[in-house]
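Text of the file final23.txt, holding compact mmCIF, C-alpha atoms and all ligand atoms:
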```
# COMPACT_ATOMS: atom_id res chain seq x y z
CA MET A 1 14.61 151.97 -52.57
CA ASN A 2 12.77 149.31 -54.53
CA LYS A 3 9.85 150.95 -56.30
CA ILE A 4 8.48 147.62 -57.54
CA THR A 5 6.15 146.75 -54.69
CA PRO A 6 3.15 144.45 -54.43
CA GLN A 7 -0.32 145.65 -53.49
CA PRO A 8 -0.94 146.38 -49.80
CA GLY A 9 -1.79 143.30 -47.77
CA ILE A 10 0.12 140.79 -49.87
CA LEU A 11 3.31 140.76 -47.79
CA ASP A 12 1.20 140.20 -44.63
CA ILE A 13 0.18 136.82 -45.99
CA GLU A 14 1.70 133.81 -44.28
CA LEU A 15 2.36 130.94 -46.67
CA TYR A 16 -0.23 128.18 -46.49
CA GLU A 17 1.22 124.94 -45.22
CA GLY A 18 -0.25 121.81 -46.76
CA GLY A 19 -0.44 118.56 -44.85
CA GLN A 20 2.97 116.90 -44.81
CA SER A 21 3.24 113.65 -46.76
CA THR A 22 6.67 112.18 -45.95
CA LEU A 23 8.66 111.43 -42.80
CA ALA A 24 12.45 111.09 -42.88
CA GLY A 25 13.49 107.46 -42.41
CA GLN A 26 9.92 106.08 -42.56
CA SER A 27 8.67 103.94 -45.42
CA ASN A 28 5.17 102.84 -44.40
CA VAL A 29 3.83 106.36 -43.87
CA LEU A 30 0.15 106.81 -43.06
CA LYS A 31 -0.92 110.28 -44.20
CA LEU A 32 -3.91 111.52 -42.23
CA SER A 33 -3.15 115.22 -42.55
CA SER A 34 -5.03 116.46 -45.62
CA ASN A 35 -8.52 114.95 -45.43
CA GLU A 36 -7.95 112.91 -48.57
CA ASN A 37 -10.17 109.98 -49.50
CA PRO A 38 -8.57 106.76 -48.17
CA LEU A 39 -10.37 104.80 -50.92
CA GLY A 40 -8.51 106.75 -53.64
CA PRO A 41 -10.19 108.12 -56.76
CA PRO A 42 -13.14 106.42 -58.52
CA GLU A 43 -12.03 103.95 -61.24
CA ALA A 44 -14.24 105.73 -63.77
CA ALA A 45 -12.40 109.02 -63.09
CA LYS A 46 -9.00 107.39 -63.65
CA GLU A 47 -10.21 105.90 -66.93
CA ALA A 48 -11.71 109.19 -68.12
CA ALA A 49 -8.50 111.09 -67.34
CA ALA A 50 -6.42 108.44 -69.13
CA ARG A 51 -8.61 108.76 -72.24
CA ALA A 52 -8.33 112.55 -72.12
CA VAL A 53 -4.53 112.54 -72.34
CA HIS A 54 -4.67 111.39 -75.97
CA ASP A 55 -5.90 114.85 -76.91
CA MET A 56 -3.55 116.86 -74.75
CA HIS A 57 -2.46 118.96 -77.71
CA ARG A 58 -5.97 120.47 -77.75
CA TYR A 59 -7.08 123.32 -75.54
CA PRO A 60 -9.75 122.30 -73.07
CA SER A 61 -13.31 123.58 -72.96
CA THR A 62 -13.65 127.16 -71.71
CA ASP A 63 -17.28 126.91 -70.62
CA HIS A 64 -17.04 123.55 -68.80
CA ALA A 65 -20.47 122.77 -70.26
CA ALA A 66 -20.23 118.98 -69.96
CA LEU A 67 -19.12 119.05 -66.32
CA ARG A 68 -21.70 121.69 -65.39
CA ALA A 69 -24.43 119.64 -67.06
CA ALA A 70 -23.37 116.53 -65.12
CA ILE A 71 -23.29 118.42 -61.80
CA GLY A 72 -26.66 119.97 -62.59
CA GLU A 73 -28.19 116.58 -63.34
CA VAL A 74 -26.80 114.83 -60.29
CA TRP A 75 -27.60 117.57 -57.77
CA GLY A 76 -30.73 118.93 -59.43
CA LEU A 77 -29.31 122.40 -60.09
CA ASP A 78 -29.45 124.80 -63.03
CA PRO A 79 -26.11 124.44 -64.91
CA ALA A 80 -26.33 128.12 -65.89
CA ARG A 81 -25.86 129.00 -62.23
CA ILE A 82 -22.75 126.79 -61.83
CA CYS A 83 -19.12 127.77 -62.39
CA CYS A 84 -15.99 125.61 -62.18
CA GLY A 85 -12.60 126.42 -60.73
CA VAL A 86 -9.12 125.05 -60.08
CA GLY A 87 -10.27 123.48 -56.84
CA SER A 88 -12.94 125.30 -54.87
CA GLY A 89 -10.17 127.47 -53.43
CA ASP A 90 -9.87 129.13 -56.84
CA ILE A 91 -13.52 130.14 -56.71
CA LEU A 92 -13.32 131.42 -53.13
CA LYS A 93 -10.33 133.57 -54.07
CA LEU A 94 -12.10 134.94 -57.15
CA LEU A 95 -15.13 135.83 -55.04
CA ALA A 96 -12.97 137.82 -52.61
CA GLU A 97 -11.21 139.57 -55.51
CA ALA A 98 -14.44 140.36 -57.28
CA TYR A 99 -16.39 141.69 -54.32
CA ALA A 100 -13.87 143.04 -51.81
CA GLY A 101 -10.95 145.45 -51.93
CA GLU A 102 -9.26 148.13 -49.89
CA GLY A 103 -11.52 149.48 -47.16
CA ASP A 104 -13.85 146.48 -47.35
CA GLU A 105 -14.13 143.71 -44.80
CA VAL A 106 -14.07 139.95 -45.27
CA VAL A 107 -15.56 138.09 -42.32
CA PHE A 108 -14.80 134.54 -41.11
CA THR A 109 -14.61 132.81 -37.76
CA GLU A 110 -11.91 132.12 -35.22
CA HIS A 111 -11.23 128.52 -36.22
CA GLY A 112 -12.21 129.06 -39.87
CA PHE A 113 -10.28 127.60 -42.83
CA SER A 114 -6.82 129.17 -42.97
CA MET A 115 -7.16 130.16 -46.62
CA TYR A 116 -9.85 132.76 -45.82
CA PRO A 117 -7.43 135.36 -44.36
CA ILE A 118 -5.15 134.75 -47.34
CA TYR A 119 -7.95 135.51 -49.82
CA ALA A 120 -8.90 138.62 -47.85
CA LYS A 121 -5.37 140.01 -47.67
CA ALA A 122 -4.58 139.14 -51.29
CA CYS A 123 -7.34 141.46 -52.48
CA GLY A 124 -6.38 144.24 -50.06
CA ALA A 125 -9.48 143.83 -47.88
CA THR A 126 -9.46 143.76 -44.08
CA PRO A 127 -9.94 140.32 -42.50
CA VAL A 128 -12.40 140.31 -39.59
CA VAL A 129 -12.14 137.30 -37.27
CA VAL A 130 -15.27 136.40 -35.29
CA PRO A 131 -15.14 134.30 -32.10
CA GLU A 132 -16.77 130.87 -31.97
CA ARG A 133 -18.48 129.22 -29.01
CA ASP A 134 -16.72 126.04 -27.93
CA ARG A 135 -15.57 125.35 -31.49
CA VAL A 136 -19.00 125.99 -33.02
CA VAL A 137 -19.76 128.93 -35.31
CA ASP A 138 -21.83 131.60 -33.55
CA VAL A 139 -24.33 133.25 -35.91
CA ASP A 140 -25.05 136.14 -33.53
CA ALA A 141 -21.34 136.93 -33.25
CA ILE A 142 -21.01 136.97 -37.05
CA LEU A 143 -24.02 139.26 -37.42
CA ALA A 144 -22.62 141.56 -34.73
CA ALA A 145 -19.28 141.78 -36.60
CA CYS A 146 -20.88 142.76 -39.90
CA SER A 147 -21.40 146.28 -41.17
CA PHE A 148 -21.90 148.06 -44.47
CA LYS A 149 -18.18 147.43 -45.02
CA THR A 150 -18.71 143.65 -45.05
CA LYS A 151 -18.53 142.31 -48.59
CA VAL A 152 -17.91 138.60 -48.13
CA VAL A 153 -18.61 136.19 -45.26
CA PHE A 154 -16.79 132.85 -45.57
CA LEU A 155 -18.28 129.93 -43.66
CA ALA A 156 -17.33 126.28 -44.11
CA ASN A 157 -20.22 123.97 -43.18
CA PRO A 158 -19.23 121.42 -41.93
CA ALA A 159 -16.26 123.42 -40.66
CA ASN A 160 -12.58 122.57 -40.97
CA PRO A 161 -10.77 121.82 -38.64
CA THR A 162 -13.51 121.57 -35.98
CA GLY A 163 -15.84 119.23 -37.92
CA THR A 164 -18.87 120.92 -36.35
CA MET A 165 -21.74 122.30 -38.40
CA LEU A 166 -24.69 124.65 -38.33
CA GLY A 167 -28.23 123.44 -39.05
CA GLN A 168 -30.49 124.86 -41.73
CA ALA A 169 -32.35 127.24 -39.38
CA GLU A 170 -29.09 128.88 -38.29
CA LEU A 171 -27.96 129.23 -41.91
CA VAL A 172 -31.27 130.89 -42.79
CA ARG A 173 -30.97 133.25 -39.82
CA LEU A 174 -27.46 134.19 -40.94
CA ALA A 175 -28.44 134.75 -44.57
CA ASP A 176 -31.43 136.85 -43.50
CA GLY A 177 -29.52 138.94 -41.00
CA LEU A 178 -26.53 140.00 -43.10
CA PRO A 179 -26.18 143.53 -44.44
CA GLN A 180 -27.37 143.88 -48.03
CA THR A 181 -23.81 144.49 -49.24
CA ALA A 182 -22.55 141.11 -48.03
CA LEU A 183 -22.32 137.82 -49.94
CA LEU A 184 -22.55 134.73 -47.72
CA VAL A 185 -20.22 132.07 -49.09
CA LEU A 186 -21.02 128.57 -47.82
CA ASP A 187 -17.93 126.47 -48.35
CA GLY A 188 -19.25 122.94 -48.77
CA ALA A 189 -15.94 121.11 -49.07
CA TYR A 190 -17.31 118.44 -46.69
CA ALA A 191 -21.03 118.73 -47.51
CA GLU A 192 -21.22 115.33 -49.22
CA PHE A 193 -20.19 113.57 -46.01
CA VAL A 194 -23.48 114.66 -44.42
CA ASP A 195 -26.37 112.49 -45.53
CA GLY A 196 -29.30 114.67 -46.55
CA TYR A 197 -27.46 118.02 -46.44
CA ASP A 198 -27.55 119.98 -49.69
CA GLY A 199 -24.51 122.13 -48.87
CA GLY A 200 -26.74 125.20 -48.78
CA ALA A 201 -27.98 124.77 -52.37
CA SER A 202 -31.62 125.48 -51.50
CA LEU A 203 -30.60 128.75 -49.82
CA VAL A 204 -28.71 129.75 -52.96
CA THR A 205 -31.69 128.89 -55.16
CA GLU A 206 -33.92 131.20 -53.11
CA ARG A 207 -31.54 134.08 -52.43
CA GLU A 208 -29.24 136.43 -54.31
CA ASN A 209 -26.90 136.84 -51.33
CA VAL A 210 -25.80 133.23 -50.78
CA PHE A 211 -23.18 131.31 -52.75
CA MET A 212 -22.14 127.67 -52.32
CA SER A 213 -18.75 126.19 -53.20
CA ARG A 214 -18.05 122.47 -53.52
CA THR A 215 -14.97 120.43 -54.31
CA PHE A 216 -13.84 117.21 -55.96
CA SER A 217 -10.82 117.12 -53.61
CA LYS A 218 -12.41 115.44 -50.61
CA ILE A 219 -15.12 112.79 -50.95
CA TYR A 220 -14.46 112.31 -54.69
CA GLY A 221 -10.78 111.61 -54.11
CA LEU A 222 -9.50 114.01 -56.80
CA GLY A 223 -7.38 116.45 -54.76
CA GLY A 224 -4.50 116.12 -57.19
CA MET A 225 -6.67 117.06 -60.20
CA ARG A 226 -7.79 120.45 -58.80
CA VAL A 227 -11.49 120.75 -59.57
CA GLY A 228 -14.12 122.64 -57.63
CA TRP A 229 -17.39 124.27 -58.46
CA GLY A 230 -19.71 126.97 -57.26
CA TYR A 231 -23.46 127.54 -57.37
CA GLY A 232 -24.76 131.06 -57.08
CA ALA A 233 -27.01 133.79 -58.42
CA LYS A 234 -26.58 134.24 -62.18
CA ALA A 235 -25.07 137.69 -61.60
CA VAL A 236 -22.35 136.24 -59.36
CA ILE A 237 -21.57 133.37 -61.76
CA ASP A 238 -21.26 135.95 -64.54
CA VAL A 239 -18.75 137.93 -62.49
CA ILE A 240 -16.62 134.85 -61.73
CA ASN A 241 -16.64 133.81 -65.39
CA ARG A 242 -15.32 137.24 -66.40
CA ILE A 243 -12.27 137.06 -64.15
CA ARG A 244 -11.36 133.37 -64.05
CA GLY A 245 -8.80 131.89 -66.40
CA PRO A 246 -10.59 130.92 -69.62
CA PHE A 247 -8.74 127.58 -69.72
CA ASN A 248 -8.50 127.20 -65.95
CA LEU A 249 -9.29 123.47 -65.93
CA SER A 250 -7.33 120.89 -67.91
CA ALA A 251 -9.17 118.44 -70.16
CA ALA A 252 -8.03 115.53 -67.96
CA ALA A 253 -9.32 117.25 -64.82
CA LEU A 254 -12.69 118.04 -66.43
CA ALA A 255 -13.06 114.45 -67.66
CA ALA A 256 -12.14 112.96 -64.28
CA ALA A 257 -14.56 115.21 -62.42
CA GLU A 258 -17.42 114.49 -64.79
CA ALA A 259 -16.92 110.74 -64.40
CA ALA A 260 -16.63 111.13 -60.62
CA VAL A 261 -19.81 113.13 -60.16
CA ARG A 262 -21.76 110.58 -62.20
CA ASP A 263 -20.47 107.74 -59.99
CA GLU A 264 -23.11 108.02 -57.30
CA ALA A 265 -22.28 104.59 -55.87
CA PHE A 266 -18.75 105.83 -55.12
CA LEU A 267 -20.20 108.80 -53.24
CA VAL A 268 -22.49 106.62 -51.14
CA THR A 269 -19.68 104.17 -50.31
CA GLY A 270 -17.39 107.05 -49.35
CA ARG A 271 -20.01 108.60 -47.08
CA THR A 272 -20.98 105.29 -45.44
CA GLU A 273 -17.43 104.08 -44.85
CA ASN A 274 -16.39 107.49 -43.54
CA ALA A 275 -19.28 107.66 -41.06
CA LYS A 276 -18.59 104.12 -39.84
CA TRP A 277 -14.86 104.57 -39.26
CA ARG A 278 -15.17 108.15 -38.03
CA ASP A 279 -17.48 107.00 -35.24
CA TRP A 280 -15.28 104.03 -34.48
CA LEU A 281 -12.20 106.27 -34.28
CA ALA A 282 -13.91 108.91 -32.12
CA HIS A 283 -14.98 106.20 -29.64
CA ALA A 284 -11.58 104.53 -29.65
CA LEU A 285 -9.88 107.84 -28.84
CA ALA A 286 -12.48 108.81 -26.23
CA ASP A 287 -11.89 105.45 -24.54
CA VAL A 288 -8.27 106.38 -23.93
CA GLY A 289 -9.06 109.89 -22.72
CA VAL A 290 -8.91 111.85 -25.97
CA PRO A 291 -12.30 113.48 -26.58
CA SER A 292 -13.55 115.16 -29.74
CA ASP A 293 -16.64 117.09 -30.80
CA THR A 294 -19.12 115.16 -32.94
CA SER A 295 -17.69 115.52 -36.44
CA SER A 296 -19.79 115.86 -39.58
CA ALA A 297 -16.77 115.65 -41.87
CA ASN A 298 -14.01 113.14 -42.76
CA PHE A 299 -11.74 114.04 -39.87
CA ILE A 300 -11.78 114.26 -36.10
CA LEU A 301 -10.46 117.10 -34.00
CA ALA A 302 -8.80 115.21 -31.16
CA ARG A 303 -8.49 117.26 -27.95
CA PHE A 304 -5.62 116.89 -25.52
CA ALA A 305 -5.06 118.35 -22.06
CA ASP A 306 -2.86 121.14 -23.39
CA ALA A 307 -0.56 122.14 -26.25
CA GLU A 308 2.33 120.23 -24.73
CA GLU A 309 0.42 116.94 -24.71
CA ALA A 310 -0.85 117.50 -28.27
CA GLU A 311 2.71 118.14 -29.46
CA ALA A 312 4.03 115.10 -27.63
CA CYS A 313 1.34 112.89 -29.14
CA ASP A 314 2.11 114.30 -32.60
CA ALA A 315 5.78 113.45 -32.08
CA HIS A 316 4.87 109.92 -30.97
CA LEU A 317 2.65 109.43 -34.03
CA ARG A 318 5.43 110.62 -36.33
CA GLY A 319 7.74 108.09 -34.72
CA GLU A 320 5.14 105.47 -35.66
CA GLY A 321 5.03 106.73 -39.26
CA ILE A 322 1.69 108.52 -38.90
CA ILE A 323 1.18 112.11 -40.02
CA VAL A 324 -1.75 114.07 -38.61
CA ARG A 325 -2.36 117.82 -38.66
CA ARG A 326 -1.21 120.26 -35.99
CA VAL A 327 -3.80 123.01 -35.74
CA ALA A 328 -2.15 125.58 -33.47
CA GLY A 329 -2.36 127.98 -36.43
CA TYR A 330 -6.17 127.66 -36.20
CA GLY A 331 -6.18 128.75 -32.58
CA LEU A 332 -6.39 125.13 -31.41
CA PRO A 333 -2.94 124.39 -29.93
CA ASN A 334 -4.23 121.55 -27.73
CA CYS A 335 -5.75 119.66 -30.67
CA LEU A 336 -4.70 117.43 -33.55
CA ARG A 337 -6.84 117.00 -36.64
CA ILE A 338 -6.89 113.38 -37.76
CA THR A 339 -8.30 112.40 -41.15
CA VAL A 340 -10.56 109.35 -41.08
CA GLY A 341 -8.64 106.67 -42.94
CA ASP A 342 -9.78 103.24 -44.03
CA GLU A 343 -10.21 100.49 -41.45
CA SER A 344 -6.50 99.69 -41.16
CA GLY A 345 -5.56 103.39 -41.00
CA CYS A 346 -8.08 104.06 -38.24
CA ARG A 347 -6.94 101.02 -36.26
CA ARG A 348 -3.30 102.01 -36.67
CA VAL A 349 -3.74 105.61 -35.49
CA ALA A 350 -6.04 104.61 -32.62
CA HIS A 351 -3.48 102.04 -31.48
CA ALA A 352 -0.67 104.60 -31.59
CA VAL A 353 -2.67 107.20 -29.62
CA ALA A 354 -3.59 104.57 -27.02
CA GLN A 355 0.11 103.63 -26.75
CA PHE A 356 0.99 107.27 -26.22
CA LYS A 357 -1.64 107.75 -23.51
CA ALA A 358 -0.63 104.54 -21.74
CA ALA A 359 3.00 105.68 -21.64
CA GLY A 360 2.17 109.20 -20.40
C1 LIG B 401 -10.14 121.12 -48.49
C2 LIG B 401 -10.93 122.34 -48.34
C3 LIG B 401 -11.32 123.08 -49.45
C4 LIG B 401 -11.09 122.54 -50.83
O1 LIG B 401 -10.01 123.00 -51.45
P1 LIG B 401 -9.83 122.67 -53.00
O2 LIG B 401 -9.22 123.94 -53.51
O3 LIG B 401 -11.19 122.45 -53.58
O4 LIG B 401 -8.95 121.49 -53.07
C5 LIG B 401 -12.08 124.21 -49.27
N1 LIG B 401 -12.46 124.59 -48.03
C6 LIG B 401 -12.15 123.88 -46.96
C7 LIG B 401 -12.66 124.31 -45.64
C8 LIG B 401 -11.36 122.75 -47.07
O5 LIG B 401 -11.02 122.06 -45.99
```

Could I get this structure in the form of structure tokens?
Amino acid sequence: MNKITPQPGILDIELYEGGQSTLAGQSNVLKLSSNENPLGPPEAAKEAAARAVHDMHRYPSTDHAALRAAIGEVWGLDPARICCGVGSGDILKLLAEAYAGEGDEVVFTEHGFSMYPIYAKACGATPVVVPERDRVVDVDAILAACSFKTKVVFLANPANPTGTMLGQAELVRLADGLPQTALLVLDGAYAEFVDGYDGGASLVTERENVFMSRTFSKIYGLGGMRVGWGYGAKAVIDVINRIRGPFNLSAAALAAAEAAVRDEAFLVTGRTENAKWRDWLAHALADVGVPSDTSSANFILARFADAEEAEACDAHLRGEGIIVRRVAGYGLPNCLRITVGDESGCRRVAHAVAQFKAAG
């Protein structure tokens, strides 16, 4: 018998599947499966990363001071309460590891981001899945599922893959109602797409039990660079800094992110273009009988009659060189998640869905 065995929970983890990016025999592939920015990265970020490569023989900064200062300035936050990770996923995983273990519970919702159960199982904790109400997070159901065993509650707002979000009053009610042992982690991967939403920052400023994570992978167009950040109570930031890799972020990634966060015009353009084409796409799909909930993010959760129709539409789109995301693994077998592309991408996918519906 093999005596070299991993910690309990690890072999229960199902491998995360990223959005596919190629289709056999297709050259003009339109990838709308990973919520990437159709505008690409900011020019300033590309230039900063290119400059950074000249010093690639040097170790990068361990304290990320320049990036934290830039984030603090732009978002009006105390840099001492910010930490940086290899994508925001790194930080979410570290939070689970730091605060939960065997016998503890990590809470998230039915259609929550599929990495949450992975983080829970990886640290040996028990994942607790809470039902939603018509694809919207239900605060009362979360509170009912919590106990003194709850150590971390993961909540993406706006949520992926539903695109729905909770308002400030609901977030406050959740933060106030949790057991004292539980850290509420507001995953703000899509926060910048919502004009006027602070991602939960003000809640974090006021409370010890709320943490906010943010990413450069979505609106900033830097998914390939792997940079995310978190804002939390000083005590939580201190814990993350003790267990993260000291050189977790490369110099090129740090430079690109710093340039990106300072490019506020890029952010505004990304948000405006996304809102415009997201609404256009939602209407175009609704017009051909494919409804979706109002999305606050950079994707639409298109609803079909049943799983069979969703699968058939996915197959048709692939035939047209378009990759969207199947979300059966999120408990949404009758849906497809479609990233909002640029104008031509939105027109192309809308046309292909209309073609599919007309044929069916
Ligand atoms: C994309 C995404 C992230 C961000 O992942 P990174 O590790 O920062 O690239 C986090 N949470 C949700 C819900 C996401 O969709």

Practice item. For Val185 (chain A), list every protein, DNA or RNA residue within 10 Å, evaluated using all atoms listed in the file, and leave out those in the same chain fewer than 4 positions away; present the list as a list of chain:residue names. Key: A:Leu92, A:Leu95, A:Ala96, A:Phe108, A:Val152, A:Val153, A:Phe154, A:Leu155, A:Ala156, A:Ala175, A:Gly200, A:Val204, A:Asn209, A:Val210, A:Phe211, A:Met212, A:Ser213, A:Gly230, A:Tyr231, A:Gly232

Practice item. With a distance cut-off of 8 Å and only C-alpha atoms, select the neighbouring residues of Val136 (chain A), excluding the residue or stretch itself and same-chain residues fewer than 5 positions from it, and output the selection as a ChimeraX atom specification. Key: /A:162,164-166

Review point. With all atoms listed in the file as the basis for distance, which of A:Leu30, A:Ala100, A:Ala251, A:Leu15 is at the shortest distance from Cys346 (chain A)?
Key: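 The shortest atom-to-atom distance to Cys346 (chain A) comes from A:Leu30.
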
All residues having an atom within 6 Å of ligand LIG 401 (chain B) (only C-alpha atoms and all ligand atoms) as a compact mmCIF listing (two decimals) with C-alpha atoms, keeping the file's coordinate frame:
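Output (part_6.txt):
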```
# COMPACT_ATOMS: atom_id res chain seq x y z
CA GLY A 87 -10.27 123.48 -56.84
CA SER A 88 -12.94 125.30 -54.87
CA GLY A 89 -10.17 127.47 -53.43
CA PHE A 113 -10.28 127.60 -42.83
CA ALA A 156 -17.33 126.28 -44.11
CA ASN A 160 -12.58 122.57 -40.97
CA ASP A 187 -17.93 126.47 -48.35
CA ALA A 189 -15.94 121.11 -49.07
CA THR A 215 -14.97 120.43 -54.31
CA SER A 217 -10.82 117.12 -53.61
CA GLY A 223 -7.38 116.45 -54.76
CA ARG A 226 -7.79 120.45 -58.80
CA GLY A 228 -14.12 122.64 -57.63
```

Point to revise | Counting only C-alpha atoms, the residue of A:Gly40, A:Val130, A:Ile219, A:Ser250 that sits nearest Thr62 (chain A) | key: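 The answer is A:Ser250, which sits nearest to Thr62 (chain A).
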
Review point. Suppose you want the space between CA of Thr269 (chain A) and CA of Val340 (chain A); what is it in Å?
Key: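 Separation of CA of Thr269 (chain A) and CA of Val340 (chain A): 14.0 Å.
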